[in-house]
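> What follows is input-v8.txt, compact mmCIF, C-alpha atoms and all ligand atoms.
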# COMPACT_ATOMS: atom_id res chain seq x y z
CA MET L 18 31.58 20.71 -6.80
CA PRO L 19 34.60 21.21 -4.59
CA GLU L 20 37.05 23.72 -5.99
CA THR L 21 40.00 21.37 -6.44
CA LEU L 22 38.00 18.85 -8.41
CA ARG L 23 36.29 21.50 -10.44
CA ARG L 24 39.65 22.94 -11.37
CA ILE L 25 40.98 19.60 -12.51
CA VAL L 26 37.94 19.06 -14.68
CA ILE L 27 37.82 22.55 -16.16
CA GLU L 28 41.51 22.85 -16.80
CA ASN L 29 41.50 19.53 -18.54
CA SER L 30 38.21 19.86 -20.33
CA ASP L 31 39.94 19.49 -23.69
CA GLU L 32 41.51 16.24 -22.68
CA ILE L 33 38.30 14.86 -21.18
CA SER L 34 36.28 15.95 -24.20
CA LYS L 35 38.72 14.26 -26.51
CA LYS L 36 38.51 10.98 -24.63
CA TRP L 37 34.74 11.21 -24.58
CA LEU L 38 34.53 11.92 -28.31
CA GLU L 39 36.72 8.93 -29.03
CA GLU L 40 34.52 6.63 -27.00
CA ILE L 41 31.21 7.86 -28.32
CA THR L 42 32.48 7.57 -31.89
CA GLU L 43 33.62 4.04 -31.16
CA ARG L 44 30.22 3.21 -29.70
CA ARG L 45 28.49 4.54 -32.78
CA LYS L 46 29.91 1.81 -34.99
CA LYS L 47 27.71 -0.81 -33.46
CA ASP L 48 24.46 0.97 -33.01
CA TYR L 49 21.64 3.36 -33.47
CA THR L 50 22.95 6.59 -34.87
CA SER L 51 24.34 5.00 -38.02
CA THR L 52 21.72 6.71 -40.17
CA ILE L 53 22.86 10.15 -39.04
CA SER L 54 25.48 11.87 -41.19
CA GLU L 55 29.03 11.99 -39.92
CA ASP L 56 29.12 15.80 -39.87
CA LEU L 57 25.92 16.12 -37.90
CA PHE L 58 27.05 13.42 -35.52
CA GLN L 59 30.35 15.13 -34.79
CA SER L 60 28.88 18.61 -34.41
CA THR L 61 26.17 17.30 -32.11
CA ASN L 62 28.80 15.54 -30.04
CA ARG L 63 30.78 18.76 -29.66
CA GLU L 64 27.67 20.61 -28.68
CA PHE L 65 26.70 17.91 -26.21
CA VAL L 66 30.06 18.02 -24.48
CA ASN L 67 29.89 21.84 -24.33
CA VAL L 68 26.44 21.67 -22.80
CA ILE L 69 27.76 19.31 -20.13
CA PHE L 70 30.70 21.54 -19.35
CA SER L 71 28.63 24.67 -19.26
CA SER L 72 26.39 23.13 -16.66
CA ILE L 73 29.38 22.48 -14.40
CA ASN L 74 29.82 26.22 -14.13
CA ARG L 75 26.23 27.32 -13.94
CA GLN L 76 24.54 24.55 -12.01
CA GLN L 77 21.03 25.87 -12.30
CA ASP L 78 21.04 27.12 -15.84
CA THR L 79 18.56 24.86 -17.56
CA GLU L 80 18.06 26.94 -20.67
CA VAL L 81 21.06 25.64 -22.60
CA LEU L 82 20.03 22.10 -21.72
CA ASN L 83 16.44 22.68 -22.77
CA ASP L 84 17.52 24.13 -26.08
CA PHE L 85 19.79 21.23 -26.73
CA SER L 86 17.28 18.53 -25.82
CA GLU L 87 14.54 20.22 -27.80
CA ARG L 88 16.69 20.11 -30.88
CA LEU L 89 17.65 16.47 -30.35
CA ILE L 90 14.03 15.48 -29.86
CA HIS L 91 13.06 17.39 -32.94
CA LEU L 92 15.73 15.63 -34.99
CA GLY L 93 14.54 12.31 -33.59
CA TRP L 94 17.77 11.31 -31.86
CA PRO L 95 17.38 8.25 -29.71
CA LEU L 96 17.25 8.74 -25.97
CA SER L 97 19.95 6.10 -25.64
CA TYR L 98 22.40 8.51 -27.26
CA ILE L 99 21.90 10.85 -24.31
CA THR L 100 22.00 8.23 -21.59
CA ASP L 101 24.96 6.38 -23.12
CA GLY L 102 26.72 9.66 -23.77
CA LEU L 103 26.38 10.77 -20.19
CA GLN L 104 27.37 7.41 -18.80
CA ILE L 105 30.50 7.47 -20.92
CA PHE L 106 31.15 11.02 -19.81
CA ARG L 107 30.83 10.03 -16.19
CA ARG L 108 33.28 7.19 -16.57
CA VAL L 109 35.81 9.17 -18.59
CA THR L 110 35.75 12.02 -16.08
CA ILE L 111 36.12 9.76 -13.08
CA ASP L 112 39.00 7.93 -14.75
CA TYR L 113 40.65 11.21 -15.55
CA ILE L 114 40.37 12.68 -12.08
CA LEU L 115 41.68 9.46 -10.59
CA SER L 116 44.65 9.47 -12.91
CA GLN L 117 45.47 12.98 -11.69
CA SER L 118 45.17 12.17 -8.01
CA GLU L 119 48.05 11.24 -5.79
CA GLN L 120 46.09 9.54 -3.06
CA VAL L 121 43.68 6.86 -4.21
CA ASP L 122 42.13 5.55 -1.03
CA THR L 123 38.50 4.50 -0.87
CA GLU L 124 37.38 7.70 0.77
CA HIS L 125 38.85 9.83 -1.94
CA PHE L 126 37.47 7.52 -4.55
CA SER L 127 33.93 7.61 -3.23
CA ARG L 128 34.13 11.38 -2.91
CA ILE L 129 35.00 11.68 -6.59
CA LEU L 130 32.18 9.32 -7.50
CA ARG L 131 29.71 11.37 -5.50
CA VAL L 132 30.87 14.66 -6.90
CA VAL L 133 30.74 13.54 -10.51
CA ASP L 134 27.36 11.91 -9.98
CA ASP L 135 25.98 15.09 -8.46
CA TRP L 136 27.09 16.83 -11.56
CA VAL L 137 25.95 14.38 -14.22
CA GLU L 138 22.73 13.08 -12.70
CA PRO L 139 20.70 16.27 -12.87
CA ILE L 140 21.60 16.53 -16.54
CA ILE L 141 20.43 12.96 -17.19
CA ASN L 142 17.25 13.57 -15.26
CA GLN L 143 16.42 16.74 -17.06
CA LEU L 144 17.07 15.36 -20.52
CA VAL L 145 15.13 12.19 -19.80
CA ASN L 146 12.24 14.27 -18.49
CA GLU L 147 12.25 16.39 -21.60
CA TYR L 148 12.18 13.30 -23.75
CA SER L 149 9.40 11.56 -21.88
CA GLY L 150 7.42 14.79 -21.72
CA SER L 151 7.60 15.05 -25.47
CA TRP L 152 6.55 11.42 -25.87
CA GLU L 153 3.59 11.89 -23.58
CA HIS L 154 2.62 14.92 -25.58
CA THR L 155 2.85 12.97 -28.83
CA VAL L 156 0.87 10.09 -27.39
CA SER L 157 -1.89 12.37 -26.20
CA LEU L 158 -2.07 14.09 -29.59
CA GLN L 159 -2.28 10.74 -31.32
CA ARG L 160 -4.95 9.67 -28.90
CA MET L 161 -6.99 12.69 -29.87
CA ALA L 162 -6.41 12.06 -33.55
CA LEU L 163 -7.43 8.43 -33.10
CA GLN L 164 -10.53 9.41 -31.22
CA GLU L 165 -11.59 11.65 -34.05
CA LEU L 166 -11.16 8.76 -36.43
CA SER L 167 -12.72 6.18 -34.19
CA ALA L 168 -16.40 6.42 -35.05
CA PRO L 169 -16.94 8.55 -38.14
CA LEU L 170 -20.32 9.05 -39.73
CA ILE L 171 -20.88 9.59 -43.42
CA PRO L 172 -24.32 10.80 -44.46
CA VAL L 173 -24.24 9.38 -47.99
CA MET L 174 -27.72 10.52 -48.97
CA ASP L 175 -30.99 11.59 -47.47
CA ASN L 176 -31.92 9.14 -44.75
CA ILE L 177 -28.94 6.86 -45.23
CA THR L 178 -25.79 7.13 -43.13
CA ILE L 179 -22.71 4.92 -42.97
CA MET L 180 -20.35 4.32 -40.07
CA PRO L 181 -17.19 2.59 -41.29
CA LEU L 182 -15.21 1.03 -38.46
CA ILE L 183 -11.55 0.21 -38.86
CA GLY L 184 -9.30 -1.30 -36.21
CA THR L 185 -9.68 -2.67 -32.74
CA ILE L 186 -12.71 -1.71 -30.69
CA ASP L 187 -12.08 -1.19 -27.00
CA THR L 188 -14.65 -0.14 -24.41
CA GLU L 189 -13.96 3.56 -24.83
CA ARG L 190 -14.43 3.34 -28.56
CA ALA L 191 -17.53 1.20 -28.18
CA LYS L 192 -19.11 3.97 -26.15
CA LEU L 193 -18.17 6.57 -28.77
CA ILE L 194 -19.72 4.43 -31.47
CA MET L 195 -23.01 4.37 -29.63
CA GLU L 196 -22.98 8.13 -28.97
CA ASN L 197 -22.01 9.11 -32.50
CA LEU L 198 -24.51 6.71 -33.97
CA LEU L 199 -27.42 8.17 -32.04
CA ASP L 200 -26.27 11.76 -32.59
CA GLY L 201 -25.83 11.09 -36.28
CA VAL L 202 -29.19 9.45 -36.74
CA ILE L 203 -30.89 12.48 -35.27
CA LYS L 204 -28.73 15.11 -36.93
CA ASN L 205 -28.81 13.58 -40.40
CA ASN L 206 -32.38 12.49 -40.01
CA ALA L 207 -31.31 9.00 -40.98
CA GLU L 208 -33.75 6.15 -41.45
CA VAL L 209 -31.04 3.61 -42.01
CA VAL L 210 -27.50 3.43 -40.63
CA LEU L 211 -25.01 0.97 -41.96
CA ILE L 212 -22.28 -0.11 -39.58
CA ASP L 213 -19.41 -1.47 -41.64
CA ILE L 214 -17.11 -3.82 -39.72
CA THR L 215 -14.95 -4.91 -42.66
CA GLY L 216 -11.91 -3.39 -40.95
CA VAL L 217 -12.53 -4.74 -37.45
CA PRO L 218 -10.01 -7.54 -36.87
CA VAL L 219 -11.81 -9.42 -34.10
CA VAL L 220 -15.47 -9.51 -33.19
CA ASP L 221 -15.62 -10.97 -29.71
CA THR L 222 -18.53 -11.01 -27.27
CA MET L 223 -17.77 -7.51 -26.04
CA VAL L 224 -17.79 -6.00 -29.52
CA ALA L 225 -20.88 -7.98 -30.50
CA HIS L 226 -22.64 -6.93 -27.33
CA HIS L 227 -21.96 -3.26 -28.00
CA ILE L 228 -23.11 -3.55 -31.60
CA ILE L 229 -26.31 -5.26 -30.48
CA GLN L 230 -26.93 -2.53 -27.91
CA ALA L 231 -26.20 0.21 -30.43
CA ALA L 232 -28.56 -1.34 -32.96
CA GLU L 233 -31.24 -1.64 -30.31
CA ALA L 234 -30.80 2.01 -29.31
CA VAL L 235 -31.00 3.06 -32.95
CA ARG L 236 -34.23 1.09 -33.26
CA LEU L 237 -35.65 2.86 -30.23
CA ILE L 238 -35.23 6.23 -31.87
CA GLY L 239 -37.03 5.02 -34.94
CA ALA L 240 -34.28 4.05 -37.35
CA THR L 241 -32.79 0.78 -38.52
CA CYS L 242 -29.25 -0.46 -38.22
CA ILE L 243 -27.74 -2.76 -40.83
CA LEU L 244 -24.52 -4.55 -39.93
CA VAL L 245 -22.35 -4.97 -43.01
CA GLY L 246 -18.87 -6.17 -43.87
CA ILE L 247 -19.12 -9.47 -42.04
CA ARG L 248 -16.20 -11.45 -43.38
CA PRO L 249 -16.68 -15.24 -43.65
CA GLU L 250 -14.28 -16.04 -40.80
CA ILE L 251 -16.00 -13.48 -38.59
CA ALA L 252 -19.38 -15.00 -39.43
CA GLN L 253 -18.05 -18.38 -38.29
CA THR L 254 -16.63 -17.11 -35.01
CA ILE L 255 -19.88 -15.29 -34.26
CA VAL L 256 -21.77 -18.54 -34.79
CA ASN L 257 -19.25 -20.43 -32.59
CA LEU L 258 -19.70 -17.88 -29.85
CA GLY L 259 -23.44 -18.48 -30.10
CA ILE L 260 -24.26 -14.82 -30.58
CA ASP L 261 -27.69 -14.02 -31.94
CA LEU L 262 -27.62 -11.22 -34.49
CA SER L 263 -31.03 -11.99 -35.94
CA LYS L 264 -32.71 -8.93 -34.42
CA PHE L 265 -31.41 -6.68 -37.19
CA PRO L 266 -30.42 -7.09 -40.83
CA THR L 267 -26.85 -8.14 -41.62
CA LYS L 268 -25.04 -8.26 -44.96
CA SER L 269 -21.68 -9.55 -46.06
CA SER L 270 -20.69 -6.39 -47.93
CA LEU L 271 -21.31 -2.67 -47.79
CA ARG L 272 -22.62 -2.85 -51.35
CA LYS L 273 -25.33 -5.35 -50.49
CA GLY L 274 -26.18 -3.44 -47.36
CA PHE L 275 -26.52 -0.24 -49.30
CA ILE L 276 -28.91 -1.81 -51.80
CA LYS L 277 -30.95 -3.06 -48.88
CA ALA L 278 -30.92 0.43 -47.39
CA LEU L 279 -32.20 1.88 -50.66
CA GLU L 280 -35.02 -0.64 -50.68
CA MET L 281 -35.91 0.23 -47.12
CA THR L 282 -36.11 3.91 -47.99
CA ASN L 283 -38.21 3.08 -51.06
CA ARG L 284 -35.51 3.68 -53.57
CA ASP L 285 -33.89 1.58 -56.20
CA ILE L 286 -30.90 1.71 -58.47
CA ILE L 287 -32.20 2.38 -61.97
CA LYS L 288 -30.12 2.07 -65.10
CA PRO L 289 -30.77 5.02 -67.37
CA GLU L 290 -32.70 3.94 -70.43
CA GLU L 291 -30.66 3.79 -73.57
CA GLU L 292 -32.74 6.46 -75.24
CA LYS L 293 -32.08 8.88 -72.49
CA ALA L 294 -28.41 8.03 -72.55
CA GLU L 295 -28.33 8.74 -76.26
CA GLU L 296 -30.09 12.01 -75.72
CA VAL L 297 -27.47 13.01 -73.17
CA THR L 298 -24.68 12.05 -75.55
CA ASN L 299 -26.28 14.16 -78.24
CA ILE L 300 -26.51 17.14 -75.97
CA LEU L 301 -22.89 16.68 -74.94
CA ASP L 302 -21.84 16.38 -78.58
CA SER L 303 -23.65 19.55 -79.47
CA LEU L 304 -21.69 21.39 -76.83
CA LYS L 305 -18.34 20.55 -78.38
CA MET G 14 9.14 -26.57 -24.52
CA SER G 15 9.15 -22.82 -24.87
CA GLN G 16 6.34 -20.57 -23.81
CA SER G 17 5.65 -17.00 -24.78
CA CYS G 18 3.48 -14.96 -22.48
CA VAL G 19 1.64 -11.67 -22.35
CA THR G 20 0.70 -10.12 -19.02
CA ILE G 21 -2.81 -8.72 -18.86
CA ASN G 22 -3.07 -5.58 -16.77
CA GLN G 23 -4.95 -3.14 -18.92
CA GLU G 24 -7.40 -3.33 -21.75
CA TRP G 25 -4.88 -2.88 -24.54
CA ASP G 26 -2.91 -5.88 -23.30
CA ILE G 27 -5.77 -7.92 -24.76
CA VAL G 28 -4.75 -6.68 -28.20
CA ALA G 29 -1.12 -7.58 -27.49
CA ALA G 30 -2.17 -11.12 -26.53
CA ARG G 31 -4.23 -11.46 -29.69
CA HIS G 32 -1.30 -10.31 -31.78
CA MET G 33 1.02 -12.84 -30.26
CA GLY G 34 -1.59 -15.56 -30.75
CA ARG G 35 -1.91 -14.65 -34.41
CA GLU G 36 1.83 -14.73 -34.92
CA LYS G 37 2.08 -18.16 -33.30
CA SER G 38 -0.84 -19.47 -35.38
CA LYS G 39 0.81 -18.27 -38.56
CA GLU G 40 4.06 -20.01 -37.61
CA LEU G 41 2.07 -23.23 -37.26
CA ASN G 42 0.40 -22.74 -40.65
CA ILE G 43 -3.03 -22.53 -39.12
CA GLY G 44 -5.65 -21.34 -41.66
CA THR G 45 -7.32 -17.94 -41.59
CA VAL G 46 -10.65 -19.12 -40.21
CA ASP G 47 -8.95 -20.94 -37.35
CA GLN G 48 -6.70 -17.94 -36.82
CA ALA G 49 -9.82 -15.85 -36.34
CA ARG G 50 -11.20 -18.45 -33.92
CA ILE G 51 -7.97 -18.44 -31.94
CA ALA G 52 -7.80 -14.64 -31.84
CA THR G 53 -11.39 -14.50 -30.63
CA ALA G 54 -10.81 -17.14 -27.96
CA ILE G 55 -7.73 -15.24 -26.72
CA SER G 56 -9.78 -12.07 -26.66
CA GLU G 57 -12.42 -13.72 -24.46
CA LEU G 58 -9.93 -15.24 -22.02
CA ALA G 59 -7.84 -12.07 -21.80
CA ARG G 60 -10.89 -9.90 -21.31
CA ASN G 61 -12.14 -12.12 -18.51
CA ILE G 62 -8.78 -11.65 -16.79
CA TYR G 63 -8.99 -7.89 -17.36
CA LEU G 64 -12.57 -7.72 -16.09
CA TYR G 65 -12.64 -10.11 -13.17
CA THR G 66 -9.10 -10.15 -11.77
CA GLU G 67 -6.24 -7.82 -10.93
CA SER G 68 -3.95 -9.32 -13.51
CA GLY G 69 -2.98 -12.56 -15.16
CA THR G 70 -1.11 -14.03 -18.08
CA ILE G 71 -1.90 -15.52 -21.45
CA CYS G 72 0.77 -17.97 -22.55
CA PHE G 73 1.28 -19.79 -25.82
CA GLU G 74 2.96 -23.06 -26.53
CA ALA G 75 3.48 -24.91 -29.79
CA ILE G 76 2.66 -28.57 -29.20
CA GLU G 77 2.66 -31.86 -31.09
CA ASP G 78 0.45 -34.87 -30.59
CA PRO G 79 2.16 -38.00 -29.18
CA HIS G 80 2.28 -39.65 -32.63
CA HIS G 81 3.72 -36.54 -34.28
CA TYR G 82 0.84 -36.44 -36.71
CA LYS G 83 -0.11 -32.85 -36.13
CA LYS G 84 0.94 -29.62 -34.53
CA GLY G 85 -1.17 -27.35 -32.43
CA LEU G 86 -1.32 -24.18 -30.42
CA LYS G 87 -1.92 -24.37 -26.70
CA ILE G 88 -3.28 -21.31 -24.92
CA ILE G 89 -2.92 -21.06 -21.17
CA ALA G 90 -4.83 -18.27 -19.43
CA LYS G 91 -3.91 -18.04 -15.79
CA ASP G 92 -4.78 -15.66 -12.99
CA GLU G 93 -4.77 -15.48 -9.24
CA GLY G 94 -8.10 -13.72 -9.04
CA PRO G 95 -11.24 -14.59 -7.07
CA GLY G 96 -11.77 -17.90 -8.85
CA ILE G 97 -15.05 -19.39 -9.99
CA LYS G 98 -17.38 -21.12 -7.55
CA ASP G 99 -19.62 -23.01 -9.91
CA ILE G 100 -17.86 -23.98 -13.12
CA SER G 101 -20.89 -25.65 -14.68
CA LYS G 102 -22.80 -22.42 -14.23
CA VAL G 103 -20.27 -20.21 -16.04
CA MET G 104 -20.11 -22.76 -18.86
CA GLU G 105 -23.80 -22.20 -19.54
CA ASP G 106 -24.62 -19.88 -22.42
CA GLY G 107 -25.88 -16.57 -21.15
CA PHE G 108 -24.51 -16.66 -17.62
CA SER G 109 -22.78 -13.40 -16.74
CA THR G 110 -22.09 -11.53 -13.54
CA SER G 111 -21.09 -8.38 -15.41
CA GLY G 112 -24.10 -7.75 -17.63
CA GLY G 113 -22.26 -9.26 -20.59
CA LEU G 114 -23.65 -11.76 -23.06
CA GLY G 115 -22.26 -14.61 -21.01
CA ALA G 116 -21.03 -16.18 -24.21
CA GLY G 117 -17.30 -15.94 -23.54
CA LEU G 118 -16.32 -19.20 -21.84
CA PRO G 119 -18.82 -21.50 -23.57
CA GLY G 120 -17.81 -19.75 -26.79
CA VAL G 121 -14.11 -20.46 -26.24
CA LYS G 122 -14.96 -24.12 -25.72
CA ARG G 123 -16.69 -24.24 -29.10
CA LEU G 124 -14.03 -22.17 -30.86
CA MET G 125 -11.19 -24.45 -29.75
CA ASP G 126 -10.58 -28.20 -30.14
CA SER G 127 -10.03 -28.86 -26.46
CA PHE G 128 -10.88 -26.90 -23.37
CA ASP G 129 -10.07 -27.37 -19.69
CA ILE G 130 -10.83 -25.09 -16.81
CA ILE G 131 -9.53 -25.37 -13.27
CA SER G 132 -10.57 -22.88 -10.67
CA GLU G 133 -10.51 -22.56 -6.94
CA GLU G 134 -12.35 -19.88 -5.03
CA GLY G 135 -9.95 -17.33 -3.65
CA LYS G 136 -7.00 -18.90 -5.47
CA GLY G 137 -7.50 -18.23 -9.14
CA THR G 138 -8.44 -19.68 -12.47
CA GLU G 139 -6.61 -21.50 -15.22
CA VAL G 140 -8.00 -22.20 -18.66
CA ILE G 141 -6.10 -24.40 -21.09
CA ALA G 142 -7.33 -24.61 -24.65
CA VAL G 143 -5.81 -26.18 -27.77
CA LYS G 144 -6.36 -25.75 -31.48
CA TRP G 145 -4.80 -28.27 -33.85
CA SER G 146 -3.58 -27.27 -37.26
CA ARG G 147 -5.19 -29.14 -40.09
N1 LIG J 1 -10.82 -15.42 -14.88
C1 LIG J 1 -11.98 -15.35 -14.17
N2 LIG J 1 -11.93 -15.15 -12.82
C2 LIG J 1 -13.09 -15.06 -12.12
N3 LIG J 1 -14.32 -15.15 -12.67
C3 LIG J 1 -14.43 -15.34 -13.99
C4 LIG J 1 -13.26 -15.44 -14.82
N4 LIG J 1 -13.67 -15.64 -16.09
C5 LIG J 1 -15.01 -15.66 -16.06
N5 LIG J 1 -15.49 -15.48 -14.81
C6 LIG J 1 -16.90 -15.49 -14.40
O1 LIG J 1 -17.60 -16.27 -15.33
C7 LIG J 1 -18.69 -15.54 -15.88
C8 LIG J 1 -18.91 -15.99 -17.29
O2 LIG J 1 -17.79 -15.61 -18.10
P1 LIG J 1 -18.01 -15.44 -19.66
O3 LIG J 1 -16.74 -14.99 -20.25
O4 LIG J 1 -18.59 -16.70 -20.19
O5 LIG J 1 -19.13 -14.32 -19.78
P2 LIG J 1 -19.00 -12.76 -19.45
O6 LIG J 1 -17.57 -12.38 -19.34
O7 LIG J 1 -19.84 -12.45 -18.27
O8 LIG J 1 -19.64 -12.07 -20.72
P3 LIG J 1 -19.04 -12.09 -22.21
O9 LIG J 1 -20.05 -12.77 -23.05
O10 LIG J 1 -18.85 -10.68 -22.60
O11 LIG J 1 -17.75 -12.82 -22.16
C9 LIG J 1 -18.31 -14.11 -15.73
O12 LIG J 1 -19.45 -13.26 -15.68
C10 LIG J 1 -17.53 -14.10 -14.41
O13 LIG J 1 -18.40 -14.02 -13.31
MG MG J 2 -16.15 -12.95 -20.82
Just give me the structure of the file as structure tokens.


Amino acid sequence: MPETLRRIVIENSDEISKKWLEEITERRKKDYTSTISEDLFQSTNREFVNVIFSSINRQQDTEVLNDFSERLIHLGWPLSYITDGLQIFRRVTIDYILSQSEQVDTEHFSRILRVVDDWVEPIINQLVNEYSGSWEHTVSLQRMALQELSAPLIPVMDNITIMPLIGTIDTERAKLIMENLLDGVIKNNAEVVLIDITGVPVVDTMVAHHIIQAAEAVRLIGATCILVGIRPEIAQTIVNLGIDLSKFPTKSSLRKGFIKALEMTNRDIIKPEEEKAEEVTNILDSLK
Amino acid sequence: MSQSCVTINQEWDIVAARHMGREKSKELNIGTVDQARIATAISELARNIYLYTESGTICFEAIEDPHHYKKGLKIIAKDEGPGIKDISKVMEDGFSTSGGLGAGLPGVKRLMDSFDIISEEGKGTEVIAVKWSR
């Protein structure tokens, strides 16, 4: 920044800051930061304006900026606060310099514009980069978390395993379902796997196709797949699509599927005989 | 007549299109079973765009029959992809060039109340389907 302009800005930093604070406070009334307390808002504003001024002196010092943006991101301040704030700052500064200049020809004007832009733009860029970097980081973490949730296997008892599916199934997830299913069947030594689609909002041809393939693969390694949780409206759309699910057992609810799975593994739900129940109560009573 | 559209570029846009379709169906008081049919039909049309073309759009329009007896939802799936050479072939159950079930397009026809497909090789494809509220 040319010396003369720099001097004007630095010497009048109080005045410029004051104008800026007025404008940003005015702006606040109609928008986003209304949930933030007045104290925090004002102290953040003062810090923001200091950060901007400190970068006019030390062009390359990014540490102060990083610190500041990290804190804002952590507190969940909207990015628009930063971009609006800097736009306002740019305008206020340009106005101020112009008001202090004697000559106001176009050349002088465009020089001021350029100089202020050179000063403010790197700050905008850096802060925006910090923000988007943090978003990308969050998105990738959530992706990982989602992936862990996407095809879970629950070995409920010897030979019976359940895979509850909740949410939309895309191609990536469909592949995971197949892999986890086969891994799980082998690891848990399952004879029956129940795939529960109660929580799957739409069963289209792609989803159906992947389920059919998964069931077929499970069959090839010697186990049986039962598709459960077929809601009535899903049953109707499957029929409309003309998809044939007759190659493996299907049940409307997990409960019914589980009973079927017990049957298939030669088990049954038995109600304890009353005598036995009484016996147990007696034993429990005697322990009191 | 106002249209709302979703552009299909990536796989998750299919979900966005389905969401919009559901919202529109709810506004028209379409029942849950028909909502599921509509969502599935949108899924098929959007996935075909995603699979077979660069990009396209799924648009929705609330319509009324000429006698104002009933309201309906019109779905317009449009792309400028490779087009379809033999329409009667792709409307057969089980025809697929991608190793799929080949149930998508004939399925959409059965899921919806009306179904039209226009396609020109090298120009693109347009599917217009309507579901009336009952
Ligand atoms: N928008 C499109 N542009 C070009 N070709 C298309 C388009 N939509 C469908 N097709 C062609 O029509 C064929 C049949 O489509 P259809 O949706 O019925 O079955 P599919 O996509 O192959 O399998 P799925 O049962 O999973 O939908 C496709 O394999 C593809 O060759
Ligand atoms: Mg298809």

> Check which residues of stretch 26-124 of chain G sit at most 7 Å from stretch 216-228 of chain L using only C-alpha atoms, and return one row each with the closest pair of atoms and their distance in Å to one decimal, ordered by chain and rising number, as a Markdown table.


| residue | atom | partner | partner_atom | distance |
| --- | --- | --- | --- | --- |
| G:Ala52 | CA | L:Val219 | CA | 7.0 |
| G:Thr53 | CA | L:Asp221 | CA | 5.6 |
| G:Ser56 | CA | L:Asp221 | CA | 6.7 |
| G:Glu57 | CA | L:Asp221 | CA | 6.7 |
| G:Leu114 | CA | L:His226 | CA | 6.5 |
| G:Ala116 | CA | L:Thr222 | CA | 6.5 |
| G:Gly117 | CA | L:Thr222 | CA | 6.3 |

> For stretch 38-49 of chain G, list every protein, DNA or RNA residue within 9 Å, evaluated using all atoms listed in the file, and leave out those in the same chain fewer than 4 positions away; present the list as an mmCIF file with C-alpha atoms, in the coordinates of the input.


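For reference, selection-v5.cif as written:
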data_model
loop_
_atom_site.group_PDB
_atom_site.id
_atom_site.type_symbol
_atom_site.label_atom_id
_atom_site.label_comp_id
_atom_site.auth_asym_id
_atom_site.auth_seq_id
_atom_site.Cartn_x
_atom_site.Cartn_y
_atom_site.Cartn_z
ATOM 1 C CA PRO L 218 -10.010 -7.540 -36.870
ATOM 2 C CA VAL L 219 -11.810 -9.420 -34.100
ATOM 3 C CA PRO L 249 -16.680 -15.240 -43.650
ATOM 4 C CA GLU L 250 -14.280 -16.040 -40.800
ATOM 5 C CA ILE L 251 -16.000 -13.480 -38.590
ATOM 6 C CA GLN L 253 -18.050 -18.380 -38.290
ATOM 7 C CA THR L 254 -16.630 -17.110 -35.010
ATOM 8 C CA MET G 33 1.020 -12.840 -30.260
ATOM 9 C CA GLY G 34 -1.590 -15.560 -30.750
ATOM 10 C CA THR G 53 -11.390 -14.500 -30.630
ATOM 11 C CA ALA G 54 -10.810 -17.140 -27.960
ATOM 12 C CA ALA G 75 3.480 -24.910 -29.790
ATOM 13 C CA LYS G 84 0.940 -29.620 -34.530
ATOM 14 C CA GLY G 85 -1.170 -27.350 -32.430
ATOM 15 C CA LEU G 86 -1.320 -24.180 -30.420
ATOM 16 C CA LEU G 124 -14.030 -22.170 -30.860
ATOM 17 C CA MET G 125 -11.190 -24.450 -29.750
ATOM 18 C CA LYS G 144 -6.360 -25.750 -31.480
ATOM 19 C CA TRP G 145 -4.800 -28.270 -33.850
ATOM 20 C CA SER G 146 -3.580 -27.270 -37.260
ATOM 21 C CA ARG G 147 -5.190 -29.140 -40.090
#

> Using all atoms listed in the file, which residues have at least one atom no more than 7 Å from ligand LIG 1 (chain J)? Output them as JSON, numbers by chain.

{"L": [222, 223], "G": [57, 61, 62, 65, 66, 92, 94, 95, 96, 97, 103, 104, 108, 109, 110, 111, 112, 113, 114, 115, 116, 117, 118, 119, 137, 138]}

> Counting all atoms listed in the file, which residues sit no farther than 10 Å from the position (-25.3, -7.5, -47.5) in the file's frame? I'd like them as a PDB file with C-alpha atoms, in the coordinates of the input.


ATOM      1  CA  ILE L 243     -27.740  -2.760 -40.830  1.00  0.00           C
ATOM      2  CA  LEU L 244     -24.520  -4.550 -39.930  1.00  0.00           C
ATOM      3  CA  VAL L 245     -22.350  -4.970 -43.010  1.00  0.00           C
ATOM      4  CA  GLY L 246     -18.870  -6.170 -43.870  1.00  0.00           C
ATOM      5  CA  ILE L 247     -19.120  -9.470 -42.040  1.00  0.00           C
ATOM      6  CA  PRO L 266     -30.420  -7.090 -40.830  1.00  0.00           C
ATOM      7  CA  THR L 267     -26.850  -8.140 -41.620  1.00  0.00           C
ATOM      8  CA  LYS L 268     -25.040  -8.260 -44.960  1.00  0.00           C
ATOM      9  CA  SER L 269     -21.680  -9.550 -46.060  1.00  0.00           C
ATOM     10  CA  SER L 270     -20.690  -6.390 -47.930  1.00  0.00           C
ATOM     11  CA  LEU L 271     -21.310  -2.670 -47.790  1.00  0.00           C
ATOM     12  CA  ARG L 272     -22.620  -2.850 -51.350  1.00  0.00           C
ATOM     13  CA  LYS L 273     -25.330  -5.350 -50.490  1.00  0.00           C
ATOM     14  CA  GLY L 274     -26.180  -3.440 -47.360  1.00  0.00           C
ATOM     15  CA  PHE L 275     -26.520  -0.240 -49.300  1.00  0.00           C
ATOM     16  CA  ILE L 276     -28.910  -1.810 -51.800  1.00  0.00           C
ATOM     17  CA  LYS L 277     -30.950  -3.060 -48.880  1.00  0.00           C
ATOM     18  CA  ALA L 278     -30.920   0.430 -47.390  1.00  0.00           C
TER      19      ALA L 278
END
